[in-house]
Amino acid sequence: MEDHPSYPVLLPYFSKYPRAAGSLFQAYTDIVYSQQWLDTEVVDLERCGRAAIKGRRKNEETFSYVVPCALMENISFGWLKTALADLSSPPAIYLAITTDDSSIVYYKISDGIVKPTM
């Protein structure tokens with residue numbers, strides 16, 4: 001893993017949050033190299049015990065946030081509210097749920113009840 005191009009960017013968070021390191025690496029490489037988001041950076045979510053990914057999707061001007069976690073982790077509403085608050089209350093965040101077989105499922109999480117767009 002040390003030879004991967006994203007390793008130097010993620011290393012401070014691997015050391016700080018070792019339990020979340022695998023999910024962060026998996027989501028970051030998907031966002032940056034597969035989905036090719038622009039202007040990506042890693043954001044420290046100290047109160048949540050992990051880091052998030054901030055960036056813009058191709059052809060979009062607004063930033064989106066991805067919070068990686070493992071399938072086996074317990075996620076609470078309080079934890080999600082803390083993540084939203086620490087990210088300065090964006091309209092939504094994406095929860096990237098990772099598995100050991102390298103699968104990722106993204107869930108869009110909004111604060112409160114949000115009517116779906118038609």
# chains A, B, ... in the order shown; residues from 1 in each chain; ligands from 1

call {"tool": "select_by_dssp", "arguments": {"residues": "region 46-87 of chain A", "states": "strand (DSSP E)", "output": "ChimeraX atom specification"}}
result
/A:50-56,64-70

call {"tool": "write_last_selection", "arguments": {"atoms": "N, CA and C atoms", "output": "PDB file, in the first residue's frame"}}
result
ATOM      1  N   ARG A  50     -12.665   9.644  12.555  1.00  0.00           N
ATOM      2  CA  ARG A  50     -12.317   9.276  11.173  1.00  0.00           C
ATOM      3  C   ARG A  50     -12.132  10.519  10.324  1.00  0.00           C
ATOM      4  N   ALA A  51     -11.835  10.314   9.057  1.00  0.00           N
ATOM      5  CA  ALA A  51     -11.713  11.409   8.102  1.00  0.00           C
ATOM      6  C   ALA A  51     -12.791  11.249   7.033  1.00  0.00           C
ATOM      7  N   ALA A  52     -13.121  12.357   6.390  1.00  0.00           N
ATOM      8  CA  ALA A  52     -14.087  12.367   5.280  1.00  0.00           C
ATOM      9  C   ALA A  52     -13.369  12.871   4.034  1.00  0.00           C
ATOM     10  N   ILE A  53     -14.041  12.769   2.914  1.00  0.00           N
ATOM     11  CA  ILE A  53     -13.492  13.211   1.636  1.00  0.00           C
ATOM     12  C   ILE A  53     -14.382  14.311   1.088  1.00  0.00           C
ATOM     13  N   LYS A  54     -13.769  15.418   0.721  1.00  0.00           N
ATOM     14  CA  LYS A  54     -14.483  16.549   0.123  1.00  0.00           C
ATOM     15  C   LYS A  54     -14.021  16.660  -1.322  1.00  0.00           C
ATOM     16  N   GLY A  55     -14.955  16.917  -2.225  1.00  0.00           N
ATOM     17  CA  GLY A  55     -14.589  17.070  -3.632  1.00  0.00           C
ATOM     18  C   GLY A  55     -15.790  17.427  -4.483  1.00  0.00           C
ATOM     19  N   ARG A  56     -15.500  17.617  -5.765  1.00  0.00           N
ATOM     20  CA  ARG A  56     -16.558  17.950  -6.723  1.00  0.00           C
ATOM     21  C   ARG A  56     -16.626  16.857  -7.793  1.00  0.00           C
ATOM     22  N   SER A  64     -19.170  18.063  -2.606  1.00  0.00           N
ATOM     23  CA  SER A  64     -19.871  16.985  -1.922  1.00  0.00           C
ATOM     24  C   SER A  64     -18.927  16.385  -0.896  1.00  0.00           C
ATOM     25  N   TYR A  65     -19.498  15.695   0.082  1.00  0.00           N
ATOM     26  CA  TYR A  65     -18.718  15.078   1.150  1.00  0.00           C
ATOM     27  C   TYR A  65     -19.052  13.599   1.240  1.00  0.00           C
ATOM     28  N   VAL A  66     -18.015  12.798   1.416  1.00  0.00           N
ATOM     29  CA  VAL A  66     -18.164  11.356   1.574  1.00  0.00           C
ATOM     30  C   VAL A  66     -17.561  10.965   2.921  1.00  0.00           C
ATOM     31  N   VAL A  67     -18.336  10.253   3.722  1.00  0.00           N
ATOM     32  CA  VAL A  67     -17.861   9.761   5.017  1.00  0.00           C
ATOM     33  C   VAL A  67     -17.775   8.242   4.918  1.00  0.00           C
ATOM     34  N   PRO A  68     -16.564   7.689   4.892  1.00  0.00           N
ATOM     35  CA  PRO A  68     -16.409   6.237   4.790  1.00  0.00           C
ATOM     36  C   PRO A  68     -16.620   5.533   6.122  1.00  0.00           C
ATOM     37  N   CYS A  69     -17.192   4.344   6.055  1.00  0.00           N
ATOM     38  CA  CYS A  69     -17.311   3.481   7.233  1.00  0.00           C
ATOM     39  C   CYS A  69     -17.400   2.038   6.744  1.00  0.00           C
ATOM     40  N   ALA A  70     -17.116   1.117   7.637  1.00  0.00           N
ATOM     41  CA  ALA A  70     -17.171  -0.302   7.297  1.00  0.00           C
ATOM     42  C   ALA A  70     -18.579  -0.846   7.542  1.00  0.00           C
TER      43      ALA A  70
END

call {"tool": "residues_around", "arguments": {"residues": "region 83-97 of chain A", "least_positions_apart": "3", "cutoff": "10 Å", "atoms": "only C-alpha atoms", "output": "NGL selection string"}}
result
:A and (23-24 or 26-28 or 43-54 or 63-73 or 77-80 or 103-112 or 114)

call {"tool": "select_by_dssp", "arguments": {"residues": "region 65-99 of chain A", "states": "helix (DSSP H, G or I)", "output": "count of residues only"}}
result
10

call {"tool": "residues_around", "arguments": {"residues": "Glu2 (chain A)", "least_positions_apart": "5", "cutoff": "12 Å", "atoms": "only C-alpha atoms", "output": "ChimeraX atom specification"}}
result
/A:7-11,14,25

call {"tool": "write_last_selection", "arguments": {"atoms": "N, CA and C atoms", "output": "PDB file, in the first residue's frame"}}
result
ATOM      1  N   TYR A   7      -1.276   7.109  -0.871  1.00  0.00           N
ATOM      2  CA  TYR A   7      -0.753   6.805   0.462  1.00  0.00           C
ATOM      3  C   TYR A   7      -0.228   8.045   1.198  1.00  0.00           C
ATOM      4  N   PRO A   8       0.593   8.907   0.581  1.00  0.00           N
ATOM      5  CA  PRO A   8       1.089  10.079   1.318  1.00  0.00           C
ATOM      6  C   PRO A   8      -0.025  11.027   1.779  1.00  0.00           C
ATOM      7  N   VAL A   9      -1.086  11.137   1.012  1.00  0.00           N
ATOM      8  CA  VAL A   9      -2.209  12.008   1.381  1.00  0.00           C
ATOM      9  C   VAL A   9      -2.957  11.438   2.582  1.00  0.00           C
ATOM     10  N   LEU A  10      -3.114  10.126   2.621  1.00  0.00           N
ATOM     11  CA  LEU A  10      -3.924   9.469   3.646  1.00  0.00           C
ATOM     12  C   LEU A  10      -3.146   9.052   4.885  1.00  0.00           C
ATOM     13  N   LEU A  11      -1.828   8.999   4.823  1.00  0.00           N
ATOM     14  CA  LEU A  11      -1.013   8.493   5.921  1.00  0.00           C
ATOM     15  C   LEU A  11      -1.299   9.148   7.278  1.00  0.00           C
ATOM     16  N   PHE A  14      -4.410   7.489   8.573  1.00  0.00           N
ATOM     17  CA  PHE A  14      -4.207   6.076   8.890  1.00  0.00           C
ATOM     18  C   PHE A  14      -3.644   5.950  10.300  1.00  0.00           C
ATOM     19  N   PHE A  25      -9.218   4.395   2.798  1.00  0.00           N
ATOM     20  CA  PHE A  25      -8.424   4.075   1.606  1.00  0.00           C
ATOM     21  C   PHE A  25      -9.312   3.622   0.452  1.00  0.00           C
TER      22      PHE A  25
END

call {"tool": "atom_distance", "arguments": {"atom1": "CA of Leu38 (chain A)", "atom2": "CA of Arg57 (chain A)"}}
result
6.2 Å

call {"tool": "atom_distance", "arguments": {"atom1": "CA of Lys58 (chain A)", "atom2": "CA of Asp39 (chain A)"}}
result
10.1 Å
